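**Student:** I'd like to ask some things about the structure below.
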Amino acid sequence: MKTLLKIGALAAALAAALPAAAQDVTLKFNHIWNTQAMASVNVIAPWCDKVAKASANRLKCQVFPSMSLGGTPPQLVDQVRDGVADLVITLPGYTAGRFPAMEVFELPFMTNSAEAGAQAAWDYLQKHATAEFPGTKILATWVHDEGYVHTRDKQVKSLADFRGLKMRAPTRQTNKLLATLGAAPVGMPLPAIPDAISKGTIDGFLLPWEVIPSLKMHEMVKYHTETHPSRPALYSAVFVFAMNQAAYDKLPADLKKVIDENSGAALSQQIGKIWDDSKPAARKHAVDRGNTFFELSAEETDNWAKASAKLYEEWVADMDKRGRNGQQLLKDARDLLAKYAKK
């Protein structure tokens, strides 16, 4: 018995003495999309595979699609901060007003390139908004491809056509946008849209093409209105790929290096380009179904932009009240977008 106890103690001592680099780590990854969604297939799975390979399978993801780890989409920012999840991808805009500095990229008519938007958003975040995410390490940030208008029973061809329509949007700024255009805004996260459109709770929604096929929303609406391609997008929403800071801090140095080499500006740009490239194939589902498309003229698109211009003033004033220089923040965001659009 004494021999066995000595062997057990020796084994325990050896285990305790193993270098930190020998640790195997599984990261719980909670997110909103189902397994067929573009983000699941083209962003989440490849990233997890890449970090697993780079770490010789010592760093792995346990992925929980469709919020299967629990909670609701607006709770993801707290889940990753509090360590309920080690990794999340979410929209800060799901929690209205909590991440005001990053909302600048959700103002209307800012950009029509997700790749340029992602690069701009990453630089802007580092300069102005990291304090909005305490307890959280941001691995990437980006915006989606251009957002458009999708309606069930009525084609929107002008501002007047918004009257009487109950329209869904994902964030505070896009809900404000809908109100300025004349619609009745209804805030809800992405997974709630199919049920809301089928029950008539909403008449339509603002969304980029990328996500529509995964929830078969092209089968729930008939009409699609796209802004003129010469003008910036009607709207975009900001995403963050976030890691619990304590989970990162506990990693051995070599696994931290794996995370570092697979995050940051390059990852943000890569994901933005993936969103841009996703548009044609996603849009084709609605084309093949025989849905009706309408492209606004440049002049009508400008009318929409003018109608929503006050949202810039409101955002600047809100940031000023928070002790930030709102006009400078807006200028920085626009300058960064212009810089990367040229590239």
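Chain identifiers are assigned as A, B, and so on, following the order in which chains appear in the structure tokens; residues are numbered from 1 within each chain, and ligands are numbered from 1 in order of appearance.
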Write out as a ChimeraX atom specification all residues of stretch 102-280 of chain A that DSSP puts in helix (DSSP H, G or I) for this structure's backbone.
**Tutor:** /A:102-106,114-132,159-162,172-181,190-199,213-215,217-219,245-249,253-261,265-280
**Student:** Identify, on the basis of only C-alpha atoms, every residue whose closest approach to stretch 247-263 of chain A does not exceed 7 Å; exclude the query and any residue fewer than 3 positions from it along the same chain; express the result as a list of chain:residue names.
**Tutor:** A:Ala20, A:Ala21, A:Val51, A:Ala54, A:Ser55, A:Asp86, A:Leu139, A:Ala140, A:Asn244, A:Ala266, A:Leu267
**Student:** Which residue is closest to A:Pro208? Choose from A:Leu59, A:Ala114, A:Val80, A:Ala120 and count only C-alpha atoms.
**Tutor:**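 Smallest distance to A:Pro208 is found for A:Ala114.
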**Student:** Which residues in stretch 109-215 of chain A does DSSP call strand (DSSP E or B)? List them as a ChimeraX atom specification.
**Tutor:** /A:136-143,147-151,166-169,184-187,204-208
**Student:** Could those residues be written to a file, using N, CA, C and O atoms, as an mmCIF file, in the first residue's frame?
**Tutor:**
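Here's the written file out-v4.cif:
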data_model
loop_
_atom_site.group_PDB
_atom_site.id
_atom_site.type_symbol
_atom_site.label_atom_id
_atom_site.label_comp_id
_atom_site.auth_asym_id
_atom_site.auth_seq_id
_atom_site.Cartn_x
_atom_site.Cartn_y
_atom_site.Cartn_z
ATOM 1 N N THR A 136 -12.626 41.240 -21.993
ATOM 2 C CA THR A 136 -12.793 40.589 -23.285
ATOM 3 C C THR A 136 -11.620 40.932 -24.196
ATOM 4 O O THR A 136 -11.199 42.090 -24.275
ATOM 5 N N LYS A 137 -11.113 39.932 -24.873
ATOM 6 C CA LYS A 137 -10.088 40.133 -25.887
ATOM 7 C C LYS A 137 -10.756 40.033 -27.255
ATOM 8 O O LYS A 137 -11.310 38.985 -27.601
ATOM 9 N N ILE A 138 -10.742 41.104 -28.021
ATOM 10 C CA ILE A 138 -11.365 41.101 -29.342
ATOM 11 C C ILE A 138 -10.374 40.510 -30.351
ATOM 12 O O ILE A 138 -9.279 41.034 -30.536
ATOM 13 N N LEU A 139 -10.771 39.420 -30.979
ATOM 14 C CA LEU A 139 -9.914 38.740 -31.946
ATOM 15 C C LEU A 139 -10.089 39.307 -33.351
ATOM 16 O O LEU A 139 -9.158 39.252 -34.160
ATOM 17 N N ALA A 140 -11.274 39.807 -33.659
ATOM 18 C CA ALA A 140 -11.526 40.407 -34.974
ATOM 19 C C ALA A 140 -12.798 41.234 -34.877
ATOM 20 O O ALA A 140 -13.645 41.004 -34.001
ATOM 21 N N THR A 141 -12.925 42.182 -35.770
ATOM 22 C CA THR A 141 -14.172 42.928 -35.913
ATOM 23 C C THR A 141 -14.362 43.257 -37.384
ATOM 24 O O THR A 141 -13.401 43.420 -38.125
ATOM 25 N N TRP A 142 -15.625 43.320 -37.815
ATOM 26 C CA TRP A 142 -15.913 43.566 -39.225
ATOM 27 C C TRP A 142 -17.353 44.024 -39.378
ATOM 28 O O TRP A 142 -18.113 44.040 -38.411
ATOM 29 N N VAL A 143 -17.708 44.402 -40.591
ATOM 30 C CA VAL A 143 -19.098 44.685 -40.939
ATOM 31 C C VAL A 143 -19.517 43.717 -42.043
ATOM 32 O O VAL A 143 -18.669 43.156 -42.734
ATOM 33 N N GLY A 147 -26.450 45.957 -46.752
ATOM 34 C CA GLY A 147 -27.784 45.604 -46.288
ATOM 35 C C GLY A 147 -28.857 46.170 -47.205
ATOM 36 O O GLY A 147 -28.740 47.309 -47.687
ATOM 37 N N TYR A 148 -29.898 45.389 -47.451
ATOM 38 C CA TYR A 148 -30.968 45.787 -48.360
ATOM 39 C C TYR A 148 -32.328 45.617 -47.682
ATOM 40 O O TYR A 148 -32.441 45.127 -46.555
ATOM 41 N N VAL A 149 -33.378 45.975 -48.437
ATOM 42 C CA VAL A 149 -34.756 45.914 -47.952
ATOM 43 C C VAL A 149 -35.435 44.687 -48.561
ATOM 44 O O VAL A 149 -35.431 44.508 -49.777
ATOM 45 N N HIS A 150 -36.032 43.860 -47.709
ATOM 46 C CA HIS A 150 -36.719 42.650 -48.167
ATOM 47 C C HIS A 150 -38.123 42.654 -47.566
ATOM 48 O O HIS A 150 -38.283 42.763 -46.346
ATOM 49 N N THR A 151 -39.149 42.534 -48.428
ATOM 50 C CA THR A 151 -40.527 42.643 -47.961
ATOM 51 C C THR A 151 -41.388 41.505 -48.484
ATOM 52 O O THR A 151 -41.120 40.940 -49.546
ATOM 53 N N LYS A 166 -44.098 47.383 -40.999
ATOM 54 C CA LYS A 166 -43.372 47.010 -39.787
ATOM 55 C C LYS A 166 -42.118 46.263 -40.242
ATOM 56 O O LYS A 166 -42.203 45.176 -40.808
ATOM 57 N N MET A 167 -40.973 46.861 -39.964
ATOM 58 C CA MET A 167 -39.716 46.349 -40.501
ATOM 59 C C MET A 167 -38.734 46.024 -39.382
ATOM 60 O O MET A 167 -38.568 46.789 -38.436
ATOM 61 N N ARG A 168 -38.075 44.892 -39.535
ATOM 62 C CA ARG A 168 -37.067 44.479 -38.558
ATOM 63 C C ARG A 168 -35.696 45.005 -38.932
ATOM 64 O O ARG A 168 -35.312 45.047 -40.089
ATOM 65 N N ALA A 169 -34.951 45.391 -37.905
ATOM 66 C CA ALA A 169 -33.543 45.728 -38.059
ATOM 67 C C ALA A 169 -32.798 45.243 -36.811
ATOM 68 O O ALA A 169 -33.402 45.066 -35.751
ATOM 69 N N ALA A 184 -42.229 51.470 -39.399
ATOM 70 C CA ALA A 184 -42.316 51.220 -37.964
ATOM 71 C C ALA A 184 -41.248 50.186 -37.616
ATOM 72 O O ALA A 184 -41.370 49.020 -38.001
ATOM 73 N N PRO A 185 -40.188 50.582 -36.909
ATOM 74 C CA PRO A 185 -39.104 49.641 -36.635
ATOM 75 C C PRO A 185 -39.462 48.629 -35.556
ATOM 76 O O PRO A 185 -40.142 48.953 -34.581
ATOM 77 N N VAL A 186 -39.010 47.404 -35.762
ATOM 78 C CA VAL A 186 -39.202 46.330 -34.791
ATOM 79 C C VAL A 186 -37.841 45.677 -34.556
ATOM 80 O O VAL A 186 -37.287 45.054 -35.458
ATOM 81 N N GLY A 187 -37.310 45.837 -33.357
ATOM 82 C CA GLY A 187 -36.001 45.279 -33.058
ATOM 83 C C GLY A 187 -36.089 43.815 -32.663
ATOM 84 O O GLY A 187 -36.944 43.433 -31.867
ATOM 85 N N GLY A 204 -41.371 42.897 -43.212
ATOM 86 C CA GLY A 204 -40.111 42.713 -43.908
ATOM 87 C C GLY A 204 -38.952 42.973 -42.981
ATOM 88 O O GLY A 204 -39.119 43.131 -41.769
ATOM 89 N N PHE A 205 -37.764 43.052 -43.570
ATOM 90 C CA PHE A 205 -36.570 43.192 -42.748
ATOM 91 C C PHE A 205 -35.443 43.796 -43.565
ATOM 92 O O PHE A 205 -35.442 43.760 -44.799
ATOM 93 N N LEU A 206 -34.493 44.373 -42.853
ATOM 94 C CA LEU A 206 -33.233 44.793 -43.454
ATOM 95 C C LEU A 206 -32.208 43.705 -43.190
ATOM 96 O O LEU A 206 -32.004 43.306 -42.046
ATOM 97 N N LEU A 207 -31.568 43.237 -44.255
ATOM 98 C CA LEU A 207 -30.529 42.211 -44.111
ATOM 99 C C LEU A 207 -29.591 42.256 -45.313
ATOM 100 O O LEU A 207 -29.998 42.627 -46.419
ATOM 101 N N PRO A 208 -28.352 41.819 -45.120
ATOM 102 C CA PRO A 208 -27.484 41.558 -46.258
ATOM 103 C C PRO A 208 -27.875 40.219 -46.877
ATOM 104 O O PRO A 208 -28.580 39.417 -46.256
#
**Student:** Applying 12 Å and only C-alpha atoms, which residues near A:Phe133 remain after dropping the ones on its own chain fewer than 4 positions away? List them as an mmCIF file with all heavy atoms, in the first residue's frame.
**Tutor:**
data_model
loop_
_atom_site.group_PDB
_atom_site.id
_atom_site.type_symbol
_atom_site.label_atom_id
_atom_site.label_comp_id
_atom_site.auth_asym_id
_atom_site.auth_seq_id
_atom_site.Cartn_x
_atom_site.Cartn_y
_atom_site.Cartn_z
ATOM 1 N N VAL A 77 -22.391 38.992 -25.288
ATOM 2 C CA VAL A 77 -21.303 39.868 -24.841
ATOM 3 C C VAL A 77 -21.004 39.656 -23.364
ATOM 4 O O VAL A 77 -19.852 39.767 -22.927
ATOM 5 C CB VAL A 77 -21.612 41.345 -25.132
ATOM 6 C CG1 VAL A 77 -21.543 41.627 -26.623
ATOM 7 C CG2 VAL A 77 -22.954 41.766 -24.554
ATOM 8 N N ASP A 78 -22.021 39.348 -22.571
ATOM 9 C CA ASP A 78 -21.800 39.061 -21.152
ATOM 10 C C ASP A 78 -21.290 37.637 -20.946
ATOM 11 O O ASP A 78 -20.490 37.385 -20.037
ATOM 12 C CB ASP A 78 -23.090 39.265 -20.364
ATOM 13 C CG ASP A 78 -23.477 40.724 -20.255
ATOM 14 O OD1 ASP A 78 -22.566 41.576 -20.163
ATOM 15 O OD2 ASP A 78 -24.683 41.032 -20.279
ATOM 16 N N VAL A 80 -19.235 35.972 -22.822
ATOM 17 C CA VAL A 80 -17.793 35.901 -23.056
ATOM 18 C C VAL A 80 -17.031 36.718 -22.013
ATOM 19 O O VAL A 80 -15.937 36.335 -21.590
ATOM 20 C CB VAL A 80 -17.435 36.334 -24.493
ATOM 21 C CG1 VAL A 80 -17.555 37.836 -24.677
ATOM 22 C CG2 VAL A 80 -16.058 35.833 -24.887
ATOM 23 N N ARG A 81 -17.598 37.803 -21.561
ATOM 24 C CA ARG A 81 -16.939 38.584 -20.510
ATOM 25 C C ARG A 81 -16.858 37.793 -19.208
ATOM 26 O O ARG A 81 -15.840 37.797 -18.511
ATOM 27 C CB ARG A 81 -17.711 39.885 -20.271
ATOM 28 C CG ARG A 81 -17.109 40.797 -19.203
ATOM 29 C CD ARG A 81 -18.125 41.801 -18.712
ATOM 30 N NE ARG A 81 -19.260 41.139 -18.043
ATOM 31 C CZ ARG A 81 -20.388 41.740 -17.701
ATOM 32 N NH1 ARG A 81 -20.564 43.021 -17.992
ATOM 33 N NH2 ARG A 81 -21.356 41.079 -17.097
ATOM 34 N N ASP A 82 -17.943 37.086 -18.884
ATOM 35 C CA ASP A 82 -18.036 36.385 -17.605
ATOM 36 C C ASP A 82 -17.470 34.969 -17.643
ATOM 37 O O ASP A 82 -17.421 34.298 -16.612
ATOM 38 C CB ASP A 82 -19.498 36.327 -17.154
ATOM 39 C CG ASP A 82 -20.102 37.709 -16.937
ATOM 40 O OD1 ASP A 82 -19.324 38.668 -16.727
ATOM 41 O OD2 ASP A 82 -21.339 37.835 -16.988
ATOM 42 N N PRO A 92 -22.391 43.696 -31.341
ATOM 43 C CA PRO A 92 -22.537 44.593 -30.187
ATOM 44 C C PRO A 92 -23.864 45.349 -30.215
ATOM 45 O O PRO A 92 -24.426 45.661 -29.168
ATOM 46 C CB PRO A 92 -21.343 45.553 -30.348
ATOM 47 C CG PRO A 92 -20.338 44.779 -31.119
ATOM 48 C CD PRO A 92 -21.129 43.923 -32.059
ATOM 49 N N ARG A 98 -24.939 50.149 -25.565
ATOM 50 C CA ARG A 98 -23.874 49.699 -24.663
ATOM 51 C C ARG A 98 -22.481 49.865 -25.271
ATOM 52 O O ARG A 98 -21.500 49.956 -24.549
ATOM 53 C CB ARG A 98 -24.128 48.243 -24.288
ATOM 54 C CG ARG A 98 -23.170 47.704 -23.261
ATOM 55 C CD ARG A 98 -23.690 46.418 -22.675
ATOM 56 N NE ARG A 98 -22.669 45.664 -22.017
ATOM 57 C CZ ARG A 98 -22.837 44.459 -21.479
ATOM 58 N NH1 ARG A 98 -24.034 43.892 -21.547
ATOM 59 N NH2 ARG A 98 -21.856 43.815 -20.895
ATOM 60 N N PHE A 99 -22.415 49.889 -26.591
ATOM 61 C CA PHE A 99 -21.132 50.017 -27.284
ATOM 62 C C PHE A 99 -21.223 51.215 -28.243
ATOM 63 O O PHE A 99 -21.123 51.054 -29.459
ATOM 64 C CB PHE A 99 -20.801 48.731 -28.036
ATOM 65 C CG PHE A 99 -20.803 47.509 -27.152
ATOM 66 C CD1 PHE A 99 -21.946 46.719 -27.040
ATOM 67 C CD2 PHE A 99 -19.682 47.165 -26.418
ATOM 68 C CE1 PHE A 99 -21.960 45.603 -26.223
ATOM 69 C CE2 PHE A 99 -19.684 46.051 -25.591
ATOM 70 C CZ PHE A 99 -20.824 45.270 -25.488
ATOM 71 N N PRO A 100 -21.412 52.413 -27.711
ATOM 72 C CA PRO A 100 -21.748 53.561 -28.564
ATOM 73 C C PRO A 100 -20.654 53.948 -29.546
ATOM 74 O O PRO A 100 -20.963 54.394 -30.654
ATOM 75 C CB PRO A 100 -22.020 54.678 -27.551
ATOM 76 C CG PRO A 100 -21.276 54.267 -26.325
ATOM 77 C CD PRO A 100 -21.371 52.779 -26.278
ATOM 78 N N ALA A 101 -19.397 53.814 -29.163
ATOM 79 C CA ALA A 101 -18.330 54.233 -30.075
ATOM 80 C C ALA A 101 -18.326 53.398 -31.346
ATOM 81 O O ALA A 101 -18.140 53.917 -32.454
ATOM 82 C CB ALA A 101 -16.976 54.166 -29.382
ATOM 83 N N MET A 102 -18.548 52.086 -31.214
ATOM 84 C CA MET A 102 -18.532 51.206 -32.385
ATOM 85 C C MET A 102 -19.777 51.380 -33.252
ATOM 86 O O MET A 102 -19.805 50.946 -34.400
ATOM 87 C CB MET A 102 -18.422 49.746 -31.952
ATOM 88 C CG MET A 102 -17.053 49.350 -31.408
ATOM 89 S SD MET A 102 -15.672 49.711 -32.531
ATOM 90 C CE MET A 102 -15.995 48.565 -33.878
ATOM 91 N N LEU A 125 -11.352 50.460 -33.628
ATOM 92 C CA LEU A 125 -11.524 49.790 -32.333
ATOM 93 C C LEU A 125 -10.281 49.948 -31.475
ATOM 94 O O LEU A 125 -10.376 50.264 -30.278
ATOM 95 C CB LEU A 125 -11.827 48.310 -32.559
ATOM 96 C CG LEU A 125 -11.834 47.421 -31.302
ATOM 97 C CD1 LEU A 125 -13.066 47.709 -30.458
ATOM 98 C CD2 LEU A 125 -11.802 45.948 -31.675
ATOM 99 N N GLN A 126 -9.101 49.719 -32.076
ATOM 100 C CA GLN A 126 -7.861 49.809 -31.304
ATOM 101 C C GLN A 126 -7.642 51.219 -30.756
ATOM 102 O O GLN A 126 -7.120 51.398 -29.652
ATOM 103 C CB GLN A 126 -6.656 49.409 -32.172
ATOM 104 C CG GLN A 126 -6.754 48.050 -32.831
ATOM 105 C CD GLN A 126 -7.207 46.966 -31.874
ATOM 106 O OE1 GLN A 126 -6.599 46.749 -30.826
ATOM 107 N NE2 GLN A 126 -8.283 46.271 -32.221
ATOM 108 N N HIS A 128 -10.142 53.696 -30.352
ATOM 109 C CA HIS A 128 -11.241 54.388 -29.673
ATOM 110 C C HIS A 128 -12.163 53.534 -28.814
ATOM 111 O O HIS A 128 -12.944 54.092 -28.045
ATOM 112 C CB HIS A 128 -12.126 55.089 -30.719
ATOM 113 C CG HIS A 128 -11.452 56.182 -31.477
ATOM 114 N ND1 HIS A 128 -10.913 57.299 -30.869
ATOM 115 C CD2 HIS A 128 -11.233 56.339 -32.816
ATOM 116 C CE1 HIS A 128 -10.390 58.105 -31.786
ATOM 117 N NE2 HIS A 128 -10.576 57.543 -32.973
ATOM 118 N N ALA A 129 -12.153 52.214 -28.964
ATOM 119 C CA ALA A 129 -13.277 51.471 -28.381
ATOM 120 C C ALA A 129 -12.911 50.223 -27.576
ATOM 121 O O ALA A 129 -13.817 49.507 -27.156
ATOM 122 C CB ALA A 129 -14.257 51.090 -29.488
ATOM 123 N N LYS A 137 -11.113 39.932 -24.873
ATOM 124 C CA LYS A 137 -10.088 40.133 -25.887
ATOM 125 C C LYS A 137 -10.756 40.033 -27.255
ATOM 126 O O LYS A 137 -11.310 38.985 -27.601
ATOM 127 C CB LYS A 137 -8.983 39.075 -25.764
ATOM 128 C CG LYS A 137 -7.855 39.215 -26.792
ATOM 129 C CD LYS A 137 -6.781 38.169 -26.564
ATOM 130 C CE LYS A 137 -5.687 38.250 -27.620
ATOM 131 N NZ LYS A 137 -4.955 39.544 -27.583
ATOM 132 N N ILE A 138 -10.742 41.104 -28.021
ATOM 133 C CA ILE A 138 -11.365 41.101 -29.342
ATOM 134 C C ILE A 138 -10.374 40.510 -30.351
ATOM 135 O O ILE A 138 -9.279 41.034 -30.536
ATOM 136 C CB ILE A 138 -11.797 42.510 -29.771
ATOM 137 C CG1 ILE A 138 -12.745 43.127 -28.728
ATOM 138 C CG2 ILE A 138 -12.463 42.457 -31.144
ATOM 139 C CD1 ILE A 138 -14.035 42.355 -28.537
ATOM 140 N N LEU A 139 -10.771 39.420 -30.979
ATOM 141 C CA LEU A 139 -9.914 38.740 -31.946
ATOM 142 C C LEU A 139 -10.089 39.307 -33.351
ATOM 143 O O LEU A 139 -9.158 39.252 -34.160
ATOM 144 C CB LEU A 139 -10.204 37.236 -31.955
ATOM 145 C CG LEU A 139 -10.085 36.512 -30.611
ATOM 146 C CD1 LEU A 139 -10.269 35.006 -30.815
ATOM 147 C CD2 LEU A 139 -8.750 36.808 -29.937
ATOM 148 N N VAL A 240 -18.265 41.347 -33.718
ATOM 149 C CA VAL A 240 -17.002 41.118 -33.018
ATOM 150 C C VAL A 240 -16.823 39.630 -32.773
ATOM 151 O O VAL A 240 -17.780 38.908 -32.472
ATOM 152 C CB VAL A 240 -16.915 41.871 -31.667
ATOM 153 C CG1 VAL A 240 -16.833 43.365 -31.879
ATOM 154 C CG2 VAL A 240 -18.061 41.509 -30.739
ATOM 155 N N PHE A 241 -15.599 39.179 -32.943
ATOM 156 C CA PHE A 241 -15.167 37.838 -32.580
ATOM 157 C C PHE A 241 -14.378 38.023 -31.298
ATOM 158 O O PHE A 241 -13.310 38.640 -31.298
ATOM 159 C CB PHE A 241 -14.303 37.268 -33.698
ATOM 160 C CG PHE A 241 -13.815 35.844 -33.499
ATOM 161 C CD1 PHE A 241 -14.238 35.060 -32.438
ATOM 162 C CD2 PHE A 241 -12.921 35.290 -34.401
ATOM 163 C CE1 PHE A 241 -13.793 33.769 -32.267
ATOM 164 C CE2 PHE A 241 -12.460 33.991 -34.253
ATOM 165 C CZ PHE A 241 -12.898 33.237 -33.183
ATOM 166 N N ALA A 242 -14.923 37.541 -30.195
ATOM 167 C CA ALA A 242 -14.390 37.884 -28.880
ATOM 168 C C ALA A 242 -14.018 36.657 -28.073
ATOM 169 O O ALA A 242 -14.648 35.605 -28.180
ATOM 170 C CB ALA A 242 -15.420 38.714 -28.110
ATOM 171 N N MET A 243 -12.985 36.808 -27.242
ATOM 172 C CA MET A 243 -12.519 35.749 -26.357
ATOM 173 C C MET A 243 -12.504 36.258 -24.927
ATOM 174 O O MET A 243 -12.184 37.425 -24.667
ATOM 175 C CB MET A 243 -11.111 35.305 -26.766
ATOM 176 C CG MET A 243 -10.556 34.149 -25.957
ATOM 177 S SD MET A 243 -8.958 33.573 -26.631
ATOM 178 C CE MET A 243 -8.677 32.154 -25.545
ATOM 179 N N ASN A 244 -12.852 35.408 -24.011
ATOM 180 C CA ASN A 244 -12.757 35.757 -22.598
ATOM 181 C C ASN A 244 -11.301 36.054 -22.257
ATOM 182 O O ASN A 244 -10.414 35.240 -22.518
ATOM 183 C CB ASN A 244 -13.298 34.608 -21.745
ATOM 184 C CG ASN A 244 -13.110 34.844 -20.264
ATOM 185 O OD1 ASN A 244 -12.148 34.363 -19.681
ATOM 186 N ND2 ASN A 244 -14.020 35.580 -19.652
ATOM 187 N N GLN A 245 -11.055 37.229 -21.702
ATOM 188 C CA GLN A 245 -9.677 37.641 -21.429
ATOM 189 C C GLN A 245 -8.977 36.702 -20.455
ATOM 190 O O GLN A 245 -7.797 36.361 -20.635
ATOM 191 C CB GLN A 245 -9.661 39.066 -20.869
ATOM 192 C CG GLN A 245 -8.266 39.636 -20.668
ATOM 193 C CD GLN A 245 -7.525 39.874 -21.959
ATOM 194 O OE1 GLN A 245 -8.035 40.550 -22.847
ATOM 195 N NE2 GLN A 245 -6.321 39.329 -22.091
#
**Student:** Interatomic distance between atom CA of A:Glu106 and atom CA of A:Asn291?
**Tutor:**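 Rounded to one decimal, the two atoms are 27.6 Å apart.
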**Student:** For stretch 204-281 of chain A versus stretch 30-41 of chain A, which residues have an atom no more than 7 Å away, and what is each residue's nearest atom pair and distance in Å rounded to one decimal, using only C-alpha atoms, chain-then-number order, as a tab-separated table?
**Tutor:**
residue	atom	partner	partner_atom	distance
A:Glu210	CA	A:Met38	CA	6.9
A:Val211	CA	A:Ala37	CA	6.7
A:Ser214	CA	A:Ala37	CA	4.9
**Student:** What is the atom CA of A:Gly135 to atom CA of A:Gln75 distance in Å?
**Tutor:**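 Separation between atom CA of A:Gly135 and atom CA of A:Gln75: 14.6 Å.
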**Student:** A:Gln173: which residues within 9 Å, counting only C-alpha atoms, same-chain residues fewer than 5 positions away excluded, as a count of residues only?
**Tutor:** 11
**Student:** For atom CA of A:Pro170 and atom CA of A:Asn325, quote the distance in Å rounded to one decimal.
**Tutor:**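 Straight-line distance from atom CA of A:Pro170 to atom CA of A:Asn325 works out to 25.8 Å.
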**Student:** Rank nothing, just name the residue among A:Ser236, A:Thr201, A:Gln270, A:Gln62 nearest to A:Glu146, using only C-alpha atoms.
**Tutor:**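 Nearest candidate to A:Glu146 out of A:Ser236, A:Thr201, A:Gln270, A:Gln62: A:Ser236.
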**Student:** List the neighbours of A:Asp302 out to 12 Å using only C-alpha atoms; skip same-chain residues closer than 6 positions along the sequence, and give me the result as a compact mmCIF listing (two decimals) with N, CA, C and O atoms, in the first residue's frame.
**Tutor:**
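The resulting file, selection-v2.txt, is reproduced below:
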# COMPACT_ATOMS: atom_id res chain seq x y z
N PRO A 108 -26.15 54.96 -41.28
CA PRO A 108 -26.48 54.64 -42.68
C PRO A 108 -25.49 55.23 -43.67
O PRO A 108 -24.84 56.24 -43.40
N PHE A 109 -25.38 54.58 -44.81
CA PHE A 109 -24.62 55.08 -45.94
C PHE A 109 -23.16 55.41 -45.58
O PHE A 109 -22.66 56.48 -45.90
N SER A 158 -39.80 53.70 -53.10
CA SER A 158 -39.55 55.09 -52.70
C SER A 158 -39.76 55.21 -51.20
O SER A 158 -40.26 54.29 -50.54
N LEU A 159 -39.42 56.36 -50.66
CA LEU A 159 -39.63 56.59 -49.23
C LEU A 159 -41.09 56.42 -48.84
O LEU A 159 -41.41 55.88 -47.78
N THR A 227 -30.21 49.38 -52.99
CA THR A 227 -29.78 50.74 -53.25
C THR A 227 -28.85 50.77 -54.45
O THR A 227 -28.31 49.74 -54.86
N HIS A 228 -28.65 51.96 -55.01
CA HIS A 228 -27.84 52.08 -56.22
C HIS A 228 -26.38 51.72 -55.91
O HIS A 228 -25.83 52.18 -54.90
N PRO A 229 -25.75 50.90 -56.75
CA PRO A 229 -24.39 50.43 -56.44
C PRO A 229 -23.34 51.52 -56.40
O PRO A 229 -22.25 51.32 -55.84
N SER A 230 -23.64 52.69 -56.96
CA SER A 230 -22.67 53.79 -56.92
C SER A 230 -22.67 54.50 -55.57
O SER A 230 -21.81 55.35 -55.31
N ARG A 231 -23.62 54.17 -54.72
CA ARG A 231 -23.74 54.82 -53.42
C ARG A 231 -23.37 53.85 -52.30
O ARG A 231 -23.45 52.63 -52.46
N PRO A 232 -22.98 54.39 -51.13
CA PRO A 232 -22.69 53.50 -49.99
C PRO A 232 -23.92 52.71 -49.58
O PRO A 232 -25.05 53.05 -49.93
N ALA A 233 -23.68 51.66 -48.82
CA ALA A 233 -24.74 50.75 -48.41
C ALA A 233 -25.77 51.45 -47.54
O ALA A 233 -25.45 52.35 -46.76
N LEU A 234 -27.03 51.02 -47.67
CA LEU A 234 -28.10 51.52 -46.81
C LEU A 234 -27.71 51.40 -45.34
O LEU A 234 -27.89 52.32 -44.55
N LEU A 296 -32.91 50.94 -56.69
CA LEU A 296 -33.17 52.37 -56.61
C LEU A 296 -32.25 53.12 -57.55
O LEU A 296 -31.10 52.74 -57.77
N SER A 308 -32.08 60.41 -43.76
CA SER A 308 -31.48 59.81 -42.56
C SER A 308 -30.26 60.57 -42.05
O SER A 308 -29.61 60.14 -41.09
N ALA A 309 -29.94 61.72 -42.65
CA ALA A 309 -28.73 62.46 -42.31
C ALA A 309 -28.69 62.89 -40.84
O ALA A 309 -27.62 63.01 -40.23
**Student:** Looking at only C-alpha atoms, which of A:Thr171, A:Gln79, A:Thr111, A:Gln155 is the one that sits closest to A:Phe293?
**Tutor:**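 Looking only at the distances to A:Phe293, the closest residue turns out to be A:Gln155.
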